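The structure file data.cif is reproduced below (mmCIF, C-alpha atoms).
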```cif
data_my_file
#
loop_
_atom_site.group_PDB
_atom_site.id
_atom_site.type_symbol
_atom_site.label_atom_id
_atom_site.label_comp_id
_atom_site.auth_asym_id
_atom_site.auth_seq_id
_atom_site.Cartn_x
_atom_site.Cartn_y
_atom_site.Cartn_z
ATOM 1 C CA MET A 1 -61.633 9.276 13.510
ATOM 2 C CA ASN A 2 -61.586 9.774 17.274
ATOM 3 C CA TYR A 3 -63.411 12.604 19.004
ATOM 4 C CA GLN A 4 -63.337 14.235 22.420
ATOM 5 C CA LEU A 5 -66.666 15.944 22.860
ATOM 6 C CA TYR A 6 -67.523 18.139 25.810
ATOM 7 C CA PHE A 7 -69.947 20.690 27.179
ATOM 8 C CA SER A 8 -67.767 22.910 29.329
ATOM 9 C CA PRO A 9 -68.889 26.480 30.087
ATOM 10 C CA THR A 10 -66.088 27.196 32.584
ATOM 11 C CA GLU A 11 -63.595 24.723 31.062
ATOM 12 C CA GLY A 12 -63.287 22.323 33.991
ATOM 13 C CA THR A 13 -64.896 19.505 32.028
ATOM 14 C CA LYS A 14 -62.766 20.355 28.997
ATOM 15 C CA LYS A 15 -59.623 19.981 31.103
ATOM 16 C CA ALA A 16 -60.759 16.603 32.449
ATOM 17 C CA VAL A 17 -61.628 15.247 28.998
ATOM 18 C CA ASN A 18 -58.387 16.554 27.507
ATOM 19 C CA THR A 19 -56.455 14.854 30.296
ATOM 20 C CA VAL A 20 -58.088 11.503 29.557
ATOM 21 C CA SER A 21 -57.415 11.767 25.820
ATOM 22 C CA SER A 22 -53.815 12.894 26.381
ATOM 23 C CA TYR A 23 -52.957 9.531 27.942
ATOM 24 C CA MET A 24 -54.556 7.456 25.193
ATOM 25 C CA LYS A 25 -52.594 6.177 22.211
ATOM 26 C CA ALA A 26 -54.769 7.701 19.492
ATOM 27 C CA ASP A 27 -55.214 11.345 18.556
ATOM 28 C CA PHE A 28 -58.566 12.977 19.226
ATOM 29 C CA GLN A 29 -60.368 15.818 17.497
ATOM 30 C CA GLU A 30 -62.088 18.284 19.833
ATOM 31 C CA VAL A 31 -65.811 18.932 19.471
ATOM 32 C CA ASP A 32 -67.080 21.713 21.735
ATOM 33 C CA PHE A 33 -70.795 21.219 22.384
ATOM 34 C CA THR A 34 -70.762 24.283 24.619
ATOM 35 C CA GLU A 35 -71.244 26.255 21.410
ATOM 36 C CA LEU A 36 -74.804 26.236 20.096
ATOM 37 C CA LYS A 37 -73.643 26.276 16.452
ATOM 38 C CA VAL A 38 -71.524 23.180 17.034
ATOM 39 C CA ARG A 39 -74.434 21.358 18.701
ATOM 40 C CA GLU A 40 -76.724 22.260 15.811
ATOM 41 C CA LYS A 41 -74.163 21.005 13.285
ATOM 42 C CA GLY A 42 -73.913 17.817 15.306
ATOM 43 C CA LEU A 43 -71.628 14.824 15.038
ATOM 44 C CA THR A 44 -72.096 11.374 13.546
ATOM 45 C CA CYS A 45 -69.616 8.674 14.558
ATOM 46 C CA GLN A 46 -68.970 5.399 12.780
ATOM 47 C CA GLU A 47 -68.350 1.964 14.254
ATOM 48 C CA GLU A 48 -64.584 2.271 13.846
ATOM 49 C CA ASP A 49 -64.464 5.646 15.631
ATOM 50 C CA VAL A 50 -63.969 6.296 19.347
ATOM 51 C CA LEU A 51 -65.749 9.024 21.310
ATOM 52 C CA ILE A 52 -64.932 10.520 24.700
ATOM 53 C CA ALA A 53 -68.023 12.369 25.973
ATOM 54 C CA GLY A 54 -67.642 14.754 28.914
ATOM 55 C CA PHE A 55 -70.379 16.768 30.598
ATOM 56 C CA PRO A 56 -70.584 18.719 33.853
ATOM 57 C CA VAL A 57 -72.999 17.729 36.590
ATOM 58 C CA TYR A 58 -75.593 20.325 37.579
ATOM 59 C CA GLY A 59 -77.750 19.389 40.553
ATOM 60 C CA GLY A 60 -76.914 15.707 40.137
ATOM 61 C CA ARG A 61 -77.992 15.667 36.474
ATOM 62 C CA LEU A 62 -76.741 16.439 33.007
ATOM 63 C CA PRO A 63 -77.163 20.094 32.018
ATOM 64 C CA GLN A 64 -80.848 20.548 31.254
ATOM 65 C CA VAL A 65 -80.337 22.153 27.856
ATOM 66 C CA ASN A 66 -82.960 21.768 25.151
ATOM 67 C CA GLY A 67 -81.632 19.644 22.319
ATOM 68 C CA LEU A 68 -78.293 19.076 24.025
ATOM 69 C CA LEU A 69 -77.647 15.729 22.296
ATOM 70 C CA ASP A 70 -80.251 15.799 19.522
ATOM 71 C CA HIS A 71 -77.669 15.916 16.728
ATOM 72 C CA LEU A 72 -75.228 13.379 18.129
ATOM 73 C CA HIS A 73 -75.336 9.912 16.555
ATOM 74 C CA GLY A 74 -73.272 6.739 16.714
ATOM 75 C CA HIS A 75 -73.218 3.375 14.966
ATOM 76 C CA HIS A 76 -72.247 1.005 17.784
ATOM 77 C CA THR A 77 -69.380 3.416 18.383
ATOM 78 C CA PRO A 78 -67.264 2.770 21.501
ATOM 79 C CA CYS A 79 -67.709 5.624 23.945
ATOM 80 C CA ILE A 80 -65.960 6.711 27.146
ATOM 81 C CA LEU A 81 -68.179 8.680 29.523
ATOM 82 C CA CYS A 82 -66.946 11.462 31.813
ATOM 83 C CA ALA A 83 -69.297 13.037 34.350
ATOM 84 C CA CYS A 84 -67.414 15.979 35.850
ATOM 85 C CA TYR A 85 -68.575 17.486 39.121
ATOM 86 C CA GLY A 86 -67.541 20.032 41.726
ATOM 87 C CA ASN A 87 -66.805 17.716 44.694
ATOM 88 C CA ARG A 88 -70.375 17.382 46.030
ATOM 89 C CA HIS A 89 -71.633 14.306 44.138
ATOM 90 C CA TYR A 90 -72.597 13.253 40.638
ATOM 91 C CA ASP A 91 -75.810 11.497 41.758
ATOM 92 C CA ASP A 92 -77.593 10.149 38.638
ATOM 93 C CA ALA A 93 -75.689 12.121 35.989
ATOM 94 C CA LEU A 94 -73.407 9.279 34.901
ATOM 95 C CA LEU A 95 -76.297 6.870 34.439
ATOM 96 C CA GLU A 96 -78.275 9.548 32.626
ATOM 97 C CA LEU A 97 -75.325 10.180 30.302
ATOM 98 C CA LYS A 98 -74.944 6.464 29.598
ATOM 99 C CA ASP A 99 -78.650 6.104 28.833
ATOM 100 C CA GLU A 100 -78.642 9.100 26.516
ATOM 101 C CA MET A 101 -75.552 7.949 24.646
ATOM 102 C CA GLU A 102 -76.829 4.404 24.188
ATOM 103 C CA LYS A 103 -80.124 5.748 22.814
ATOM 104 C CA ARG A 104 -78.011 7.442 20.162
ATOM 105 C CA GLY A 105 -76.120 4.362 19.047
ATOM 106 C CA PHE A 106 -73.023 4.395 21.243
ATOM 107 C CA CYS A 107 -71.572 1.490 23.223
ATOM 108 C CA CYS A 108 -70.338 2.849 26.552
ATOM 109 C CA ILE A 109 -67.252 0.754 27.269
ATOM 110 C CA ALA A 110 -65.855 2.849 30.154
ATOM 111 C CA ALA A 111 -66.913 5.663 32.430
ATOM 112 C CA ALA A 112 -65.515 8.046 35.008
ATOM 113 C CA ALA A 113 -66.782 10.481 37.617
ATOM 114 C CA ILE A 114 -64.081 13.144 37.787
ATOM 115 C CA VAL A 115 -63.795 15.996 40.282
ATOM 116 C CA ILE A 116 -63.375 19.468 38.786
ATOM 117 C CA PRO A 117 -63.660 23.000 40.247
ATOM 118 C CA HIS A 118 -67.159 23.953 41.359
ATOM 119 C CA VAL A 119 -68.622 26.964 39.557
ATOM 120 C CA TYR A 120 -69.864 28.474 42.829
ATOM 121 C CA SER A 121 -66.740 27.954 44.937
ATOM 122 C CA HIS A 122 -63.007 28.602 44.600
ATOM 123 C CA ILE A 123 -62.395 25.916 47.255
ATOM 124 C CA LEU A 124 -64.378 22.878 46.099
ATOM 125 C CA GLY A 125 -62.444 20.931 43.501
ATOM 126 C CA ALA A 126 -59.784 23.633 43.235
ATOM 127 C CA GLY A 127 -57.030 22.638 40.811
ATOM 128 C CA ARG A 128 -58.643 19.324 39.945
ATOM 129 C CA PRO A 129 -57.732 17.227 38.068
ATOM 130 C CA ASP A 130 -54.374 17.635 39.821
ATOM 131 C CA LYS A 131 -51.138 15.657 39.538
ATOM 132 C CA GLU A 132 -52.474 12.838 41.710
ATOM 133 C CA ASP A 133 -55.626 12.671 39.624
ATOM 134 C CA GLU A 134 -53.505 12.477 36.491
ATOM 135 C CA LYS A 135 -51.815 9.325 37.756
ATOM 136 C CA GLU A 136 -55.232 7.676 38.067
ATOM 137 C CA ILE A 137 -56.383 9.031 34.716
ATOM 138 C CA LYS A 138 -53.282 7.595 33.057
ATOM 139 C CA ILE A 139 -54.099 4.107 34.379
ATOM 140 C CA PHE A 140 -57.732 4.539 33.310
ATOM 141 C CA ALA A 141 -56.683 5.563 29.789
ATOM 142 C CA GLU A 142 -54.269 2.643 29.469
ATOM 143 C CA LYS A 143 -57.013 0.178 30.435
ATOM 144 C CA ILE A 144 -59.343 1.713 27.857
ATOM 145 C CA ASP A 145 -56.684 1.297 25.188
ATOM 146 C CA GLU A 146 -56.374 -2.357 26.171
ATOM 147 C CA LYS A 147 -60.128 -2.809 25.796
ATOM 148 C CA LEU A 148 -60.103 -1.159 22.400
ATOM 149 C CA GLU A 149 -57.179 -3.256 21.192
ATOM 150 C CA MET A 150 -59.043 -6.425 22.191
ATOM 151 C CA GLY A 151 -62.144 -5.190 20.381
ATOM 152 C CA ARG A 152 -64.260 -5.491 23.508
ATOM 153 C CA LYS A 153 -67.546 -3.616 23.189
ATOM 154 C CA ILE A 154 -69.283 -4.490 26.435
ATOM 155 C CA SER A 155 -71.512 -1.870 28.018
ATOM 156 C CA VAL A 156 -70.136 -0.790 31.392
ATOM 157 C CA ASP A 157 -72.262 -0.689 34.543
ATOM 158 C CA VAL A 158 -72.472 2.690 36.278
ATOM 159 C CA PRO A 159 -74.235 3.799 39.467
ATOM 160 C CA GLY A 160 -77.413 5.819 39.464
ATOM 161 C CA ASN A 161 -81.143 5.667 40.003
ATOM 162 C CA ILE A 162 -84.239 5.659 37.830
ATOM 163 C CA PRO A 163 -86.185 7.872 37.973
ATOM 164 C CA TYR A 164 -83.302 10.336 37.935
ATOM 165 C CA LYS A 165 -82.912 12.882 40.658
ATOM 166 C CA VAL A 166 -85.139 15.928 40.148
ATOM 167 C CA TRP A 167 -83.150 19.139 39.857
ATOM 168 C CA ASN A 168 -85.323 21.964 41.137
ATOM 169 C CA LYS A 169 -83.350 24.688 39.381
ATOM 170 C CA PRO A 170 -84.180 28.126 40.766
ATOM 171 C CA GLU A 171 -85.486 30.417 38.033
ATOM 172 C CA ARG A 172 -82.807 33.059 38.194
ATOM 173 C CA ALA A 173 -79.883 34.176 36.094
ATOM 174 C CA PRO A 174 -76.834 36.448 36.199
ATOM 175 C CA GLU A 175 -77.744 40.103 35.947
ATOM 176 C CA LYS A 176 -75.932 42.925 34.238
ATOM 177 C CA THR A 177 -74.431 45.638 36.430
ATOM 178 C CA ASP A 178 -73.531 49.279 35.905
ATOM 179 C CA SER A 179 -70.131 48.039 34.715
ATOM 180 C CA CYS A 180 -71.709 46.561 31.561
ATOM 181 C CA THR A 181 -70.195 48.194 28.469
ATOM 182 C CA GLY A 182 -72.528 46.531 25.971
ATOM 183 C CA CYS A 183 -69.695 44.640 24.294
ATOM 184 C CA GLY A 184 -71.951 41.627 23.690
ATOM 185 C CA ILE A 185 -69.485 38.956 24.779
ATOM 186 C CA CYS A 186 -72.017 37.519 27.233
ATOM 187 C CA ARG A 187 -74.523 36.936 24.419
ATOM 188 C CA LYS A 188 -71.861 35.419 22.207
ATOM 189 C CA VAL A 189 -70.606 32.894 24.771
ATOM 190 C CA CYS A 190 -73.909 31.897 26.400
ATOM 191 C CA PRO A 191 -74.360 28.140 25.726
ATOM 192 C CA THR A 192 -78.159 28.331 25.776
ATOM 193 C CA ALA A 193 -78.798 31.654 23.964
ATOM 194 C CA ALA A 194 -80.497 32.902 27.114
ATOM 195 C CA ILE A 195 -79.298 36.528 26.861
ATOM 196 C CA ASP A 196 -81.243 39.055 24.764
ATOM 197 C CA GLU A 197 -80.108 42.162 22.898
ATOM 198 C CA ASN A 198 -80.401 44.208 26.095
ATOM 199 C CA PHE A 199 -78.104 41.707 27.869
ATOM 200 C CA ILE A 200 -80.926 40.420 30.066
ATOM 201 C CA ALA A 201 -80.849 36.666 30.681
ATOM 202 C CA ASP A 202 -84.041 34.626 30.643
ATOM 203 C CA PRO A 203 -84.054 32.679 33.937
ATOM 204 C CA LYS A 204 -86.128 29.905 32.356
ATOM 205 C CA ILE A 205 -83.461 29.228 29.731
ATOM 206 C CA CYS A 206 -80.352 30.065 31.760
ATOM 207 C CA ILE A 207 -78.653 27.025 33.339
ATOM 208 C CA GLN A 208 -76.563 29.145 35.742
ATOM 209 C CA CYS A 209 -73.327 27.839 34.272
ATOM 210 C CA MET A 210 -71.597 31.177 35.046
ATOM 211 C CA LYS A 211 -69.860 31.407 31.676
ATOM 212 C CA CYS A 212 -71.097 34.938 31.035
ATOM 213 C CA VAL A 213 -69.932 36.010 34.514
ATOM 214 C CA ARG A 214 -66.475 34.475 34.046
ATOM 215 C CA GLN A 215 -65.913 35.855 30.554
ATOM 216 C CA CYS A 216 -67.229 39.397 30.898
ATOM 217 C CA PRO A 217 -64.089 41.566 30.541
ATOM 218 C CA ALA A 218 -65.638 44.465 32.473
ATOM 219 C CA GLY A 219 -67.057 42.485 35.403
ATOM 220 C CA GLY A 220 -70.472 43.535 34.199
ATOM 221 C CA ARG A 221 -72.435 40.436 35.171
ATOM 222 C CA ILE A 222 -73.117 39.026 38.598
ATOM 223 C CA MET A 223 -75.220 36.404 40.350
ATOM 224 C CA ASP A 224 -75.334 36.080 44.121
ATOM 225 C CA THR A 225 -74.374 32.492 44.911
ATOM 226 C CA SER A 226 -73.255 33.169 48.481
ATOM 227 C CA GLN A 227 -75.969 31.000 50.036
ATOM 228 C CA GLN A 228 -75.161 27.984 47.866
ATOM 229 C CA LYS A 229 -71.438 28.571 48.323
ATOM 230 C CA ALA A 230 -71.742 28.607 52.119
ATOM 231 C CA TYR A 231 -73.820 25.421 52.120
ATOM 232 C CA LEU A 232 -71.478 23.558 49.769
ATOM 233 C CA GLU A 233 -68.280 24.615 51.492
ATOM 234 C CA GLY A 234 -69.798 23.844 54.877
ATOM 235 C CA ASN A 235 -70.789 20.306 53.916
ATOM 236 C CA TYR A 236 -68.583 19.094 51.048
ATOM 237 C CA LYS A 237 -65.120 20.514 51.656
ATOM 238 C CA GLU A 238 -63.437 17.117 52.074
ATOM 239 C CA PRO A 239 -61.888 16.236 48.684
ATOM 240 C CA ARG A 240 -63.680 13.350 46.993
ATOM 241 C CA LYS A 241 -61.959 10.633 45.031
ATOM 242 C CA ASN A 242 -62.548 10.107 41.358
ATOM 243 C CA GLU A 243 -64.394 6.938 40.384
ATOM 244 C CA TRP A 244 -63.577 4.651 37.458
ATOM 245 C CA PHE A 245 -65.816 2.112 35.737
ATOM 246 C CA LEU A 246 -64.379 -0.418 33.264
#
```
Kindly present the structure from the file in structure tokens form.
Amino acid sequence: MNYQLYFSPTEGTKKAVNTVSSYMKADFQEVDFTELKVREKGLTCQEEDVLIAGFPVYGGRLPQVNGLLDHLHGHHTPCILCACYGNRHYDDALLELKDEMEKRGFCCIAAAAIVIPHVYSHILGAGRPDKEDEKEIKIFAEKIDEKLEMGRKISVDVPGNIPYKVWNKPERAPEKTDSCTGCGICRKVCPTAAIDENFIADPKICIQCMKCVRQCPAGGRIMDTSQQKAYLEGNYKEPRKNEWFL
């Protein structure tokens, strides 16, 4: 069995992972680790399986979610890594992902740093992966298939530093507004179960992924990201290229 696993609160990472799998010869079953119940159920892969693992980059790191990969296990399973980021940089996230996957029994045979839309900006990474990106992804996928057909299970080198970059996440979270209707969708979709029965988010648990803001049908949640948006758009507007490691 082949799996495409992702953590994708605003679906940019999901799109990138789906694009990679769409150009590979085999079929892949989706596993959405954005959902807490799916993470708790977990996934165990065998040696003959193939896993594509895609995660967004937050502050140059993997999402700092308790138990994010605790129930994911491999048995020398070939794995393709995708660190998906909003056009600033992926810093140490790809190396961190490789380290975490190899601890869990996966052999990381290929990796990619793929640009996706930034959660704080409608400009950074807008529309990515686009048609030009898809051309590169197609070549990447074809080379992975070649590796798999040859049975090559050689761990790929990826950039990054140890110790990993420290993400000083501000302790804040989206707040409910007067538009809140109490429908409960925000609680249902929150990847970290950070929102209580009064629809108040715990800033210590919230990872500021913006899923509750994006999915509230009444526009009843908001977080002021104008300062971060201005900084990012002022310094990282030039489109970055994807990076491929084989």
* Name the residues in contact with Val189 of chain A at a cut-off of 9 Å, using all atoms listed in the file, excluding same-chain residues fewer than 5 positions from it; report them as a list of chain:residue names. =>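 Close residues of Val189 of chain A: A:Pro9, A:Thr34, A:Glu35, A:Gly184, A:Lys211, A:Cys212, A:Gln215.
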Find the spatial neighbours of Ala26 of chain A, counting all atoms listed in the file, within a cut-off of 10 Å - ignore same-chain residues fewer than 6 positions away - and output them as an mmCIF file with C-alpha atoms, keeping the file's coordinate frame.
```
data_model
loop_
_atom_site.group_PDB
_atom_site.id
_atom_site.type_symbol
_atom_site.label_atom_id
_atom_site.label_comp_id
_atom_site.auth_asym_id
_atom_site.auth_seq_id
_atom_site.Cartn_x
_atom_site.Cartn_y
_atom_site.Cartn_z
ATOM 1 C CA MET A 1 -61.633 9.276 13.510
ATOM 2 C CA ASN A 2 -61.586 9.774 17.274
ATOM 3 C CA TYR A 3 -63.411 12.604 19.004
ATOM 4 C CA VAL A 50 -63.969 6.296 19.347
ATOM 5 C CA ASP A 145 -56.684 1.297 25.188
#
```
* Asked: Got a sec: who's within 7 Å of segment 165-178 of chain A, counting all atoms listed in the file, leaving out chain neighbours fewer than 3 positions off, as an MDAnalysis selection string?
  -> chainID A and resid 59:60 92 199:204 206 208 220:223
With C-alpha atoms retained, export the selected residues as a tab-separated table (two decimals), keeping the file's coordinate frame.
```
chain	number	residue	atom	x	y	z
A	59	GLY	CA	-77.75	19.39	40.55
A	60	GLY	CA	-76.91	15.71	40.14
A	92	ASP	CA	-77.59	10.15	38.64
A	199	PHE	CA	-78.10	41.71	27.87
A	200	ILE	CA	-80.93	40.42	30.07
A	201	ALA	CA	-80.85	36.67	30.68
A	202	ASP	CA	-84.04	34.63	30.64
A	203	PRO	CA	-84.05	32.68	33.94
A	204	LYS	CA	-86.13	29.90	32.36
A	206	CYS	CA	-80.35	30.06	31.76
A	208	GLN	CA	-76.56	29.14	35.74
A	220	GLY	CA	-70.47	43.54	34.20
A	221	ARG	CA	-72.44	40.44	35.17
A	222	ILE	CA	-73.12	39.03	38.60
A	223	MET	CA	-75.22	36.40	40.35
```
* What do you get, as a PyMOL selection string, if you spell out every residue that the PyMOL selection byres ((chain A and resi 71-73) around 12) selects here? -> chain A and resi 3+5-6+31+33+36-47+49+51+53+66-70+74-79+100-107
Can I get the selected residues back with C-alpha atoms, as a short mmCIF file (atom, residue, chain, number, x, y, z; two decimals), in the coordinates of the input?
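Result file follows (again21.cif):
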```cif
data_model
loop_
_atom_site.label_atom_id
_atom_site.label_comp_id
_atom_site.auth_asym_id
_atom_site.auth_seq_id
_atom_site.Cartn_x
_atom_site.Cartn_y
_atom_site.Cartn_z
CA TYR A 3 -63.41 12.60 19.00
CA LEU A 5 -66.67 15.94 22.86
CA TYR A 6 -67.52 18.14 25.81
CA VAL A 31 -65.81 18.93 19.47
CA PHE A 33 -70.80 21.22 22.38
CA LEU A 36 -74.80 26.24 20.10
CA LYS A 37 -73.64 26.28 16.45
CA VAL A 38 -71.52 23.18 17.03
CA ARG A 39 -74.43 21.36 18.70
CA GLU A 40 -76.72 22.26 15.81
CA LYS A 41 -74.16 21.00 13.28
CA GLY A 42 -73.91 17.82 15.31
CA LEU A 43 -71.63 14.82 15.04
CA THR A 44 -72.10 11.37 13.55
CA CYS A 45 -69.62 8.67 14.56
CA GLN A 46 -68.97 5.40 12.78
CA GLU A 47 -68.35 1.96 14.25
CA ASP A 49 -64.46 5.65 15.63
CA LEU A 51 -65.75 9.02 21.31
CA ALA A 53 -68.02 12.37 25.97
CA ASN A 66 -82.96 21.77 25.15
CA GLY A 67 -81.63 19.64 22.32
CA LEU A 68 -78.29 19.08 24.02
CA LEU A 69 -77.65 15.73 22.30
CA ASP A 70 -80.25 15.80 19.52
CA GLY A 74 -73.27 6.74 16.71
CA HIS A 75 -73.22 3.38 14.97
CA HIS A 76 -72.25 1.00 17.78
CA THR A 77 -69.38 3.42 18.38
CA PRO A 78 -67.26 2.77 21.50
CA CYS A 79 -67.71 5.62 23.94
CA GLU A 100 -78.64 9.10 26.52
CA MET A 101 -75.55 7.95 24.65
CA GLU A 102 -76.83 4.40 24.19
CA LYS A 103 -80.12 5.75 22.81
CA ARG A 104 -78.01 7.44 20.16
CA GLY A 105 -76.12 4.36 19.05
CA PHE A 106 -73.02 4.39 21.24
CA CYS A 107 -71.57 1.49 23.22
#
```
* To do: Would you kindly return, as JSON, numbers by chain, each protein, DNA or RNA residue with an atom no farther than 12 Å from any atom of Glu197 of chain A, considering all atoms listed in the file and excluding same-chain residues fewer than 5 positions away?
  => {"A": [182, 183, 184, 185, 186, 187, 188, 202]}
* To do: Skip Ile109 of chain A itself and residues of its chain fewer than 6 positions away, then list as a list in words all residues within 9 Å of it, counting only C-alpha atoms.
  => Pro78, Cys79, Ile80, Leu81, Ile144, Lys147, Leu148, Arg152, Lys153, Ile154, Ser155, Val156, Asp157, Phe245 and Leu246 of chain A
* Structure fact -> Across A:Met150, A:Ile207, A:Leu95, A:Ile195, the smallest distance to Cys108 of chain A, with only C-alpha atoms counted, is shown by A:Leu95
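Here atom CA of Ile52 of chain A is placed at a distance of 17.9 Å from atom CA of Tyr90 of chain A.
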* To do: Work out how far atom CA of Ala113 of chain A is from atom CA of Glu243 of chain A, in Å to one decimal.
  =>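 Interatomic distance, atom CA of Glu243 of chain A to atom CA of Ala113 of chain A: 5.1 Å.
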Residues of segment 141-235 of chain A at most 10 Å from segment 82-88 of chain A: nearest atom pair and distance in Å, only C-alpha atoms, as JSON lines:
```
{"residue": "A:Leu232", "atom": "CA", "partner": "A:Arg88", "partner_atom": "CA", "distance": 7.3}
{"residue": "A:Glu233", "atom": "CA", "partner": "A:Arg88", "partner_atom": "CA", "distance": 9.3}
{"residue": "A:Asn235", "atom": "CA", "partner": "A:Arg88", "partner_atom": "CA", "distance": 8.4}
```
* Nearest-residue call for Ile123 of chain A, choices A:Lys15, A:Lys229, A:Lys25, A:Lys241, using all atoms listed in the file ->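 Closest candidate: A:Lys229.
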* For the atom pair atom CA of Gly219 of chain A and atom CA of Glu30 of chain A, what is the interatomic distance in Å to one decimal place? -> 29.2 Å
Could you please fill out segment 167-189 of chain A with N, CA and C atoms and send it back as a PDB file, in the coordinates of the input?
```pdb
ATOM      1  N   TRP A 167     -83.893  17.917  39.556  1.00  0.00           N
ATOM      2  CA  TRP A 167     -83.150  19.139  39.857  1.00  0.00           C
ATOM      3  C   TRP A 167     -84.121  20.307  39.846  1.00  0.00           C
ATOM      4  N   ASN A 168     -84.434  20.812  41.019  1.00  0.00           N
ATOM      5  CA  ASN A 168     -85.323  21.964  41.137  1.00  0.00           C
ATOM      6  C   ASN A 168     -84.513  23.244  40.955  1.00  0.00           C
ATOM      7  N   LYS A 169     -84.179  23.533  39.694  1.00  0.00           N
ATOM      8  CA  LYS A 169     -83.350  24.688  39.381  1.00  0.00           C
ATOM      9  C   LYS A 169     -84.098  25.977  39.676  1.00  0.00           C
ATOM     10  N   PRO A 170     -83.538  26.842  40.526  1.00  0.00           N
ATOM     11  CA  PRO A 170     -84.180  28.126  40.766  1.00  0.00           C
ATOM     12  C   PRO A 170     -84.241  28.942  39.476  1.00  0.00           C
ATOM     13  N   GLU A 171     -85.369  29.595  39.235  1.00  0.00           N
ATOM     14  CA  GLU A 171     -85.486  30.417  38.033  1.00  0.00           C
ATOM     15  C   GLU A 171     -84.847  31.781  38.283  1.00  0.00           C
ATOM     16  N   ARG A 172     -83.556  31.818  38.080  1.00  0.00           N
ATOM     17  CA  ARG A 172     -82.807  33.059  38.194  1.00  0.00           C
ATOM     18  C   ARG A 172     -81.636  32.992  37.240  1.00  0.00           C
ATOM     19  N   ALA A 173     -80.975  34.113  37.055  1.00  0.00           N
ATOM     20  CA  ALA A 173     -79.883  34.176  36.094  1.00  0.00           C
ATOM     21  C   ALA A 173     -78.969  35.344  36.463  1.00  0.00           C
ATOM     22  N   PRO A 174     -77.725  35.304  35.979  1.00  0.00           N
ATOM     23  CA  PRO A 174     -76.834  36.448  36.199  1.00  0.00           C
ATOM     24  C   PRO A 174     -77.446  37.735  35.640  1.00  0.00           C
ATOM     25  N   GLU A 175     -77.205  38.808  36.348  1.00  0.00           N
ATOM     26  CA  GLU A 175     -77.744  40.103  35.947  1.00  0.00           C
ATOM     27  C   GLU A 175     -76.618  41.031  35.519  1.00  0.00           C
ATOM     28  N   LYS A 176     -76.939  41.949  34.625  1.00  0.00           N
ATOM     29  CA  LYS A 176     -75.932  42.925  34.238  1.00  0.00           C
ATOM     30  C   LYS A 176     -75.850  44.006  35.303  1.00  0.00           C
ATOM     31  N   THR A 177     -74.672  44.582  35.454  1.00  0.00           N
ATOM     32  CA  THR A 177     -74.431  45.638  36.430  1.00  0.00           C
ATOM     33  C   THR A 177     -74.115  46.935  35.710  1.00  0.00           C
ATOM     34  N   ASP A 178     -73.876  47.979  36.492  1.00  0.00           N
ATOM     35  CA  ASP A 178     -73.531  49.279  35.905  1.00  0.00           C
ATOM     36  C   ASP A 178     -72.196  49.240  35.167  1.00  0.00           C
ATOM     37  N   SER A 179     -71.423  48.173  35.397  1.00  0.00           N
ATOM     38  CA  SER A 179     -70.131  48.039  34.715  1.00  0.00           C
ATOM     39  C   SER A 179     -70.277  47.530  33.284  1.00  0.00           C
ATOM     40  N   CYS A 180     -71.481  47.094  32.905  1.00  0.00           N
ATOM     41  CA  CYS A 180     -71.709  46.561  31.561  1.00  0.00           C
ATOM     42  C   CYS A 180     -71.394  47.628  30.513  1.00  0.00           C
ATOM     43  N   THR A 181     -70.574  47.271  29.546  1.00  0.00           N
ATOM     44  CA  THR A 181     -70.195  48.194  28.469  1.00  0.00           C
ATOM     45  C   THR A 181     -70.950  47.917  27.177  1.00  0.00           C
ATOM     46  N   GLY A 182     -71.781  46.876  27.177  1.00  0.00           N
ATOM     47  CA  GLY A 182     -72.528  46.531  25.971  1.00  0.00           C
ATOM     48  C   GLY A 182     -71.693  45.871  24.898  1.00  0.00           C
ATOM     49  N   CYS A 183     -70.600  45.248  25.287  1.00  0.00           N
ATOM     50  CA  CYS A 183     -69.695  44.640  24.294  1.00  0.00           C
ATOM     51  C   CYS A 183     -70.306  43.417  23.619  1.00  0.00           C
ATOM     52  N   GLY A 184     -71.258  42.766  24.280  1.00  0.00           N
ATOM     53  CA  GLY A 184     -71.951  41.627  23.690  1.00  0.00           C
ATOM     54  C   GLY A 184     -71.282  40.285  23.869  1.00  0.00           C
ATOM     55  N   ILE A 185     -70.175  40.242  24.590  1.00  0.00           N
ATOM     56  CA  ILE A 185     -69.485  38.956  24.779  1.00  0.00           C
ATOM     57  C   ILE A 185     -70.380  37.961  25.504  1.00  0.00           C
ATOM     58  N   CYS A 186     -71.147  38.426  26.474  1.00  0.00           N
ATOM     59  CA  CYS A 186     -72.017  37.519  27.233  1.00  0.00           C
ATOM     60  C   CYS A 186     -73.006  36.807  26.317  1.00  0.00           C
ATOM     61  N   ARG A 187     -73.583  37.544  25.372  1.00  0.00           N
ATOM     62  CA  ARG A 187     -74.523  36.936  24.419  1.00  0.00           C
ATOM     63  C   ARG A 187     -73.820  35.923  23.531  1.00  0.00           C
ATOM     64  N   LYS A 188     -72.612  36.272  23.121  1.00  0.00           N
ATOM     65  CA  LYS A 188     -71.861  35.419  22.207  1.00  0.00           C
ATOM     66  C   LYS A 188     -71.495  34.093  22.852  1.00  0.00           C
ATOM     67  N   VAL A 189     -71.113  34.118  24.130  1.00  0.00           N
ATOM     68  CA  VAL A 189     -70.606  32.894  24.771  1.00  0.00           C
ATOM     69  C   VAL A 189     -71.684  32.082  25.470  1.00  0.00           C
TER      70      VAL A 189
END
```
